[in-house]
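The data block below is final.cif; it holds mmCIF, C-alpha atoms.
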data_my_file
loop_
_atom_site.label_atom_id
_atom_site.label_comp_id
_atom_site.auth_asym_id
_atom_site.auth_seq_id
_atom_site.Cartn_x
_atom_site.Cartn_y
_atom_site.Cartn_z
CA ARG A 121 -21.95 -34.07 24.16
CA SER A 122 -23.97 -36.36 21.89
CA ARG A 123 -21.11 -38.89 21.78
CA PHE A 124 -20.85 -38.78 25.57
CA GLY A 125 -24.59 -39.43 25.83
CA LEU A 126 -24.19 -42.45 23.52
CA GLY A 127 -21.48 -43.88 25.73
CA GLN A 128 -18.70 -43.05 23.27
CA GLN A 129 -16.39 -41.44 25.80
CA PRO A 130 -13.09 -41.78 23.83
CA GLU A 131 -14.74 -40.10 20.82
CA ALA A 132 -16.17 -37.36 23.05
CA ARG A 133 -12.71 -36.79 24.51
CA ALA A 134 -11.20 -36.56 21.01
CA ASP A 135 -13.84 -33.99 20.01
CA PHE A 136 -13.01 -31.85 23.06
CA VAL A 137 -9.29 -32.05 22.19
CA SER A 138 -10.02 -30.89 18.62
CA LEU A 139 -12.22 -28.06 19.90
CA LEU A 140 -9.61 -26.76 22.33
CA LYS A 141 -6.85 -26.88 19.72
CA VAL A 142 -8.97 -24.61 17.54
CA ASP A 143 -10.06 -22.34 20.40
CA PRO A 144 -7.99 -22.79 23.59
CA ALA A 145 -10.10 -20.14 25.36
CA TYR A 146 -13.37 -22.02 24.80
CA ALA A 147 -15.61 -22.55 27.82
CA LEU A 148 -18.70 -24.73 28.05
CA THR A 149 -21.98 -22.83 27.99
CA GLY A 150 -25.54 -23.71 28.82
CA GLN A 151 -26.73 -26.45 31.12
CA VAL A 152 -24.11 -29.20 31.00
CA SER A 153 -24.10 -32.27 33.16
CA PRO A 154 -21.35 -32.44 35.81
CA ARG A 155 -19.92 -35.57 34.15
CA ILE A 156 -19.48 -33.78 30.81
CA ALA A 157 -18.04 -30.71 32.55
CA ALA A 158 -15.59 -32.96 34.41
CA LEU A 159 -14.49 -34.61 31.16
CA PHE A 160 -14.02 -31.21 29.52
CA ASP A 161 -11.93 -29.94 32.44
CA GLU A 162 -9.85 -33.10 32.38
CA VAL A 163 -9.16 -32.67 28.66
CA ALA A 164 -8.40 -28.96 29.09
CA LYS A 165 -5.70 -29.68 31.69
CA VAL A 166 -3.70 -31.75 29.19
CA THR A 167 -4.56 -29.74 26.07
CA VAL A 168 -4.32 -26.09 27.12
CA THR A 169 -1.76 -24.04 29.02
CA GLN A 170 -1.14 -20.31 29.57
CA LEU A 171 1.29 -17.95 27.80
CA THR A 172 2.26 -14.68 29.51
CA LEU A 173 3.52 -12.02 27.11
CA ALA A 174 5.42 -8.76 27.51
CA VAL A 175 6.55 -7.26 24.19
CA SER A 176 8.31 -3.92 23.88
CA PRO A 177 7.32 -1.51 22.42
CA ALA A 178 3.76 -2.01 23.68
CA ASN A 179 2.24 -0.92 20.35
CA ALA A 180 4.06 -3.60 18.35
CA GLU A 181 1.92 -5.97 16.30
CA VAL A 182 2.19 -9.41 17.87
CA THR A 183 0.96 -12.66 16.33
CA LEU A 184 0.83 -16.22 17.62
CA ASP A 185 0.87 -18.72 14.76
CA GLY A 186 -0.27 -15.91 12.46
CA VAL A 187 -3.18 -14.81 14.68
CA LYS A 188 -2.98 -11.37 16.29
CA VAL A 189 -2.72 -11.35 20.09
CA PRO A 190 -2.19 -8.58 22.70
CA SER A 191 1.40 -7.44 23.26
CA THR A 192 1.02 -7.85 27.03
CA GLY A 193 -1.06 -10.14 29.21
CA THR A 194 -1.87 -13.83 29.46
CA VAL A 195 -3.51 -15.91 26.73
CA PRO A 196 -4.51 -19.59 26.67
CA ILE A 197 -2.69 -21.69 24.07
CA ALA A 198 -2.90 -25.29 22.96
CA VAL A 199 -0.14 -27.71 23.88
CA GLY A 200 2.36 -28.17 21.05
CA ASP A 201 4.68 -26.17 18.79
CA HIS A 202 4.05 -22.45 18.25
CA THR A 203 5.67 -19.38 16.72
CA LEU A 204 5.48 -15.94 18.29
CA ALA A 205 6.21 -13.02 15.95
CA ALA A 206 6.36 -9.27 16.56
CA SER A 207 6.92 -6.30 14.27
CA ARG A 208 6.63 -2.53 14.16
CA ILE A 209 7.75 0.18 11.74
CA GLY A 210 11.23 1.38 12.70
CA TYR A 211 12.12 -1.89 14.45
CA LYS A 212 13.71 -5.16 13.36
CA PRO A 213 11.01 -7.87 13.24
CA MET A 214 11.49 -10.98 15.32
CA SER A 215 10.15 -14.52 15.41
CA VAL A 216 10.46 -16.98 18.32
CA PRO A 217 9.53 -20.67 18.01
CA PHE A 218 8.63 -22.46 21.25
CA LYS A 219 6.90 -25.57 22.54
CA ALA A 220 4.00 -25.52 25.01
CA VAL A 221 3.85 -28.44 27.45
CA ALA A 222 0.79 -29.58 29.39
CA GLY A 223 0.70 -28.34 32.96
CA GLU A 224 3.52 -25.82 32.45
CA ALA A 225 2.63 -22.15 32.06
CA ILE A 226 4.98 -20.21 29.78
CA GLU A 227 6.29 -16.77 30.60
CA MET A 228 8.39 -14.88 28.06
CA THR A 229 11.26 -13.77 30.31
CA PRO A 230 13.06 -11.55 29.84
CA PRO A 231 10.36 -9.52 28.02
CA VAL A 232 10.64 -9.60 24.24
CA ALA A 233 12.21 -6.30 23.14
CA LEU A 234 12.36 -5.38 19.46
CA GLU A 235 15.58 -3.77 18.24
CA ARG A 236 15.19 -0.18 17.00
CA VAL A 237 16.81 0.26 13.57
CA SER A 238 15.50 3.61 12.28
CA SER A 239 13.42 6.66 13.12
CA VAL A 240 9.86 7.14 11.91
CA LEU A 241 8.35 10.50 10.89
CA THR A 242 4.61 11.16 10.73
CA PHE A 243 3.08 14.08 8.82
CA VAL A 244 -0.29 15.75 8.44
CA THR A 245 -0.89 18.69 6.11
CA ALA A 246 -3.53 21.23 5.22
CA PRO A 247 -4.72 20.76 2.58
CA PRO A 248 -4.33 17.06 1.70
CA GLY A 249 -2.47 16.12 -1.46
CA VAL A 250 0.88 17.58 -0.35
CA GLU A 251 4.00 15.79 -1.56
CA ILE A 252 6.64 15.08 1.11
CA VAL A 253 10.26 15.19 -0.10
CA ILE A 254 13.10 14.40 2.33
CA ASP A 255 16.68 15.07 1.28
CA GLY A 256 15.55 15.15 -2.34
CA ILE A 257 13.75 11.80 -2.15
CA ARG A 258 9.98 11.65 -2.64
CA HIS A 259 8.19 9.80 0.19
CA GLY A 260 4.55 10.06 -0.86
CA VAL A 261 1.55 12.37 -0.85
CA THR A 262 -0.76 13.05 2.09
CA GLN A 263 -4.28 11.69 1.60
CA LEU A 264 -7.73 12.97 2.52
CA GLY A 265 -8.31 13.08 6.30
CA PRO A 266 -9.27 13.47 9.00
CA PRO A 267 -6.31 12.24 11.08
CA PRO A 268 -6.69 10.50 14.47
CA ALA A 269 -8.22 12.54 17.28
CA GLU A 270 -4.87 13.05 19.05
CA TYR A 271 -3.87 15.50 16.30
CA ALA A 272 -6.61 17.97 17.28
CA GLU A 273 -4.47 19.63 19.96
CA ARG A 274 -1.48 19.97 17.63
CA ALA A 275 -3.75 21.45 14.94
CA ALA A 276 -5.13 24.00 17.39
CA LYS A 277 -1.61 25.10 18.40
CA ALA A 278 -0.66 25.45 14.73
CA GLY A 279 -3.80 27.46 14.01
CA VAL A 280 -5.08 24.92 11.51
CA PRO A 281 -8.73 23.71 11.64
CA ALA A 282 -8.71 19.95 12.21
CA SER A 283 -11.32 19.58 9.45
CA GLN A 284 -8.74 20.78 6.90
CA LEU A 285 -6.07 18.25 7.85
CA SER A 286 -4.98 15.28 5.79
CA ASN A 287 -4.68 11.78 7.10
CA VAL A 288 -1.35 10.70 8.61
CA LEU A 289 1.54 9.93 6.26
CA VAL A 290 4.15 7.67 7.87
CA VAL A 291 7.74 7.80 6.63
CA PRO A 292 9.99 5.05 8.06
CA GLU A 293 13.72 4.34 7.78
CA ILE A 294 14.97 7.82 8.67
CA GLN A 295 18.50 7.77 10.06
CA ILE A 296 20.24 10.03 12.59
CA GLY A 297 21.31 13.42 11.21
CA THR A 298 19.91 16.68 9.87
CA HIS A 299 17.30 16.34 7.14
CA ARG A 300 15.72 18.80 4.72
CA ILE A 301 11.96 18.29 4.40
CA GLU A 302 10.06 19.91 1.49
CA PHE A 303 6.28 20.27 1.21
CA LYS A 304 4.98 20.67 -2.35
CA LYS A 305 1.55 20.97 -4.00
CA ASP A 306 0.48 22.49 -7.32
CA CYS A 307 -1.09 25.94 -6.96
CA TYR A 308 0.22 26.27 -3.38
CA VAL A 309 3.31 28.00 -2.02
CA GLY A 310 5.87 25.31 -1.27
CA THR A 311 7.81 25.39 1.97
CA GLU A 312 10.55 23.45 3.70
CA ARG A 313 11.73 22.59 7.19
CA ARG A 314 14.96 21.34 8.74
CA LEU A 315 14.76 18.47 11.21
CA THR A 316 17.62 17.09 13.28
CA VAL A 317 17.15 13.45 14.26
CA GLU A 318 19.35 13.01 17.32
CA SER A 319 18.29 9.48 18.25
CA LEU A 320 16.27 6.62 16.79
CA ASP A 321 12.71 7.44 17.81
CA ASP A 322 9.21 8.35 16.58
CA TYR A 323 8.90 11.98 15.48
CA VAL A 324 5.44 13.53 15.10
CA ILE A 325 5.77 16.61 12.89
CA ASP A 326 3.46 19.53 13.68
CA PRO A 327 0.69 20.07 11.10
CA MET A 328 2.00 21.90 8.04
CA LYS A 329 -0.30 24.38 6.32
CA LEU A 330 0.39 25.52 2.76
CA GLU A 331 -1.00 28.81 1.50
CA PRO A 332 -2.63 29.06 -1.94
CA ALA A 333 -0.39 30.51 -4.64
CA VAL A 334 -2.67 33.29 -5.92
CA ALA A 335 -1.87 35.84 -8.63
CA THR A 336 -3.87 38.85 -9.73
CA LEU A 337 -4.39 39.71 -13.37
CA ALA A 338 -5.43 43.29 -14.19
CA VAL A 339 -6.93 43.80 -17.68
#
Output the file's structure as structure tokens, nothing else.
Amino acid sequence: RSRFGLGQQPEARADFVSLLKVDPAYALTGQVSPRIAALFDEVAKVTVTQLTLAVSPANAEVTLDGVKVPSTGTVPIAVGDHTLAASRIGYKPMSVPFKAVAGEAIEMTPPVALERVSSVLTFVTAPPGVEIVIDGIRHGVTQLGPPPAEYAERAAKAGVPASQLSNVLVVPEIQIGTHRIEFKKDCYVGTERRLTVESLDDYVIDPMKLEPAVATLAV
């Protein structure tokens, strides 16, 4: 705006181009003269276009040139070369290079669909600190909670106070078939469960409560 006021219109235009490349969604604020607003709009028409996204699954992590963006909806982007990437546990990640052209809105059609490659299991336990072993392979230990609010209903059905639950432990790369799941913790009675994975999907395991292993010593 200072350059424009000094009569340096080419320099003012170049500054607007640089600004919109950094932040394509930028809009002028405050009291701006109509001539400056007209110059800004003129620059925006040749510097910014719109990208319409539809990525499946909807909860995939989507980035545009390394910056996180919504998986669905329309976002402004600068004209030029870009890379759209999407990933999610249990799916094959993808990356799509494309070029944005001035005056041409871009719509990802057909919608970008990630390829499912494995199932994902999620666990919560009471108490925390329970080791999860699947088919003899250790997959980690549940950590101190609480888990997300959506586990409250499952905890109530299992008769486990939500305050006693661990945080969520996510186990990816589980294939189709029947699996033996063991729950282990020192000084607690271990238990196991059989799970049949019939299709590649997300499986939320009901909260697992372990009982203390208590002995009585009579002297």
Which residues, named as in the file, does the PyMOL selection byres ((chain A and resi 157-159) around 10) pick out? Answer as a list in words.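 Evaluating the PyMOL selection byres ((chain A and resi 157-159) around 10) on this file yields Arg121, Phe124, Gln129, Ala132, Arg133, Phe136, Ala147, Leu148, Thr149, Gln151, Val152, Ser153, Pro154, Arg155, Ile156, Phe160, Asp161, Glu162, Val163 and Ala164 of chain A.
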From the list A:Val216, A:Leu173, A:Ala198, A:Ala180, which residue is nearest Pro231 in chain A when using all atoms listed in the file? A:Leu173
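In terms of minimum interatomic distance to Gly279 in chain A, A:Ala246 ranks closest within A:Val187, A:Val317, A:Leu140, A:Ala246, counting all atoms listed in the file.
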Distance query range 271-276 of chain A at most 7 Å, only C-alpha atoms, self and fewer than 4 positions along chain excluded, as a ChimeraX atom specification: /A:267,280-282,326-327
Care to translate the PyMOL selection byres ((chain A and resi 252) around 7) into actual residues of this file, as a list in words?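 Taken over the shown coordinates, the PyMOL selection byres ((chain A and resi 252) around 7) returns Val250, Glu251, Val253, Ile254, Arg258, His259, Gly260, Val261, Glu302, Phe303 and Lys304 of chain A.
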Once the PyMOL selection byres ((chain A and resi 335) around 12) has been evaluated on this model, what residues remain selected, and can you format them as a list in words?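 Against this file, the PyMOL selection byres ((chain A and resi 335) around 12) returns the residues Cys307, Tyr308, Val309, Pro332, Ala333, Val334, Thr336, Leu337 and Ala338 of chain A.
Interatomic distance, CA of Leu234 in chain A against CA of Thr298 in chain A: 25.2 Å.
For Pro144 in chain A, the non-local neighbours within 10 Å, defined as residues at least 4 positions apart in the same chain or in other chains and counting only C-alpha atoms, are Val137, Ser138, Leu139, Leu140, Ala164, Thr167, Val168, Thr169, Gln170, Val195, Pro196, Ile197, Ala198 and Val199 of chain A.
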What does the file look like for those residues with C-alpha atoms, as a CSV table (one decimal), in the frame of the given file?
chain,number,residue,atom,x,y,z
A,137,VAL,CA,-9.3,-32.0,22.2
A,138,SER,CA,-10.0,-30.9,18.6
A,139,LEU,CA,-12.2,-28.1,19.9
A,140,LEU,CA,-9.6,-26.8,22.3
A,164,ALA,CA,-8.4,-29.0,29.1
A,167,THR,CA,-4.6,-29.7,26.1
A,168,VAL,CA,-4.3,-26.1,27.1
A,169,THR,CA,-1.8,-24.0,29.0
A,170,GLN,CA,-1.1,-20.3,29.6
A,195,VAL,CA,-3.5,-15.9,26.7
A,196,PRO,CA,-4.5,-19.6,26.7
A,197,ILE,CA,-2.7,-21.7,24.1
A,198,ALA,CA,-2.9,-25.3,23.0
A,199,VAL,CA,-0.1,-27.7,23.9
Any idea what's packed within 7 Å of Gly249 in chain A, counting all atoms listed in the file, ignoring anything in its chain fewer than 6 positions away? Could you give it as a ChimeraX atom specification? /A:261-263,305
Nearest to Val175 in chain A: which of A:Glu131, A:Asp201, A:Glu235, A:Glu318 is it, counting all atoms listed in the file?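 For Val175 in chain A, the nearest of the given residues is A:Glu235.
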Contacts of range 203-211 of chain A at 6 Å or less, counting only C-alpha atoms, minus same-chain residues fewer than 3 places along, as a PyMOL selection string? chain A and resi 180-185+214-217+235-240
Selection to disk with C-alpha atoms, as a short mmCIF file (atom, residue, chain, number, x, y, z; two decimals), keeping the file's coordinate frame:
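Printed below is result.cif as written:
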data_model
loop_
_atom_site.label_atom_id
_atom_site.label_comp_id
_atom_site.auth_asym_id
_atom_site.auth_seq_id
_atom_site.Cartn_x
_atom_site.Cartn_y
_atom_site.Cartn_z
CA ALA A 180 4.06 -3.60 18.35
CA GLU A 181 1.92 -5.97 16.30
CA VAL A 182 2.19 -9.41 17.87
CA THR A 183 0.96 -12.66 16.33
CA LEU A 184 0.83 -16.22 17.62
CA ASP A 185 0.87 -18.72 14.76
CA MET A 214 11.49 -10.98 15.32
CA SER A 215 10.15 -14.52 15.41
CA VAL A 216 10.46 -16.98 18.32
CA PRO A 217 9.53 -20.67 18.01
CA GLU A 235 15.58 -3.77 18.24
CA ARG A 236 15.19 -0.18 17.00
CA VAL A 237 16.81 0.26 13.57
CA SER A 238 15.50 3.61 12.28
CA SER A 239 13.42 6.66 13.12
CA VAL A 240 9.86 7.14 11.91
#
So how many Å separate CA of Pro266 in chain A and CA of Gln284 in chain A, to one decimal?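 Computed distance, CA of Pro266 in chain A to CA of Gln284 in chain A, equals 7.6 Å.
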Please measure the separation of CA of Leu330 in chain A and CA of Asn287 in chain A, giving the value in Å to one decimal. 15.3 Å
Would you mind telling me which residue in A:Ala220, A:Met228, A:Gln128, A:Ser286 lies nearest to Thr192 in chain A when using all atoms listed in the file?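 Ranking A:Ala220, A:Met228, A:Gln128, A:Ser286 by distance to Thr192 in chain A, first place goes to A:Met228.
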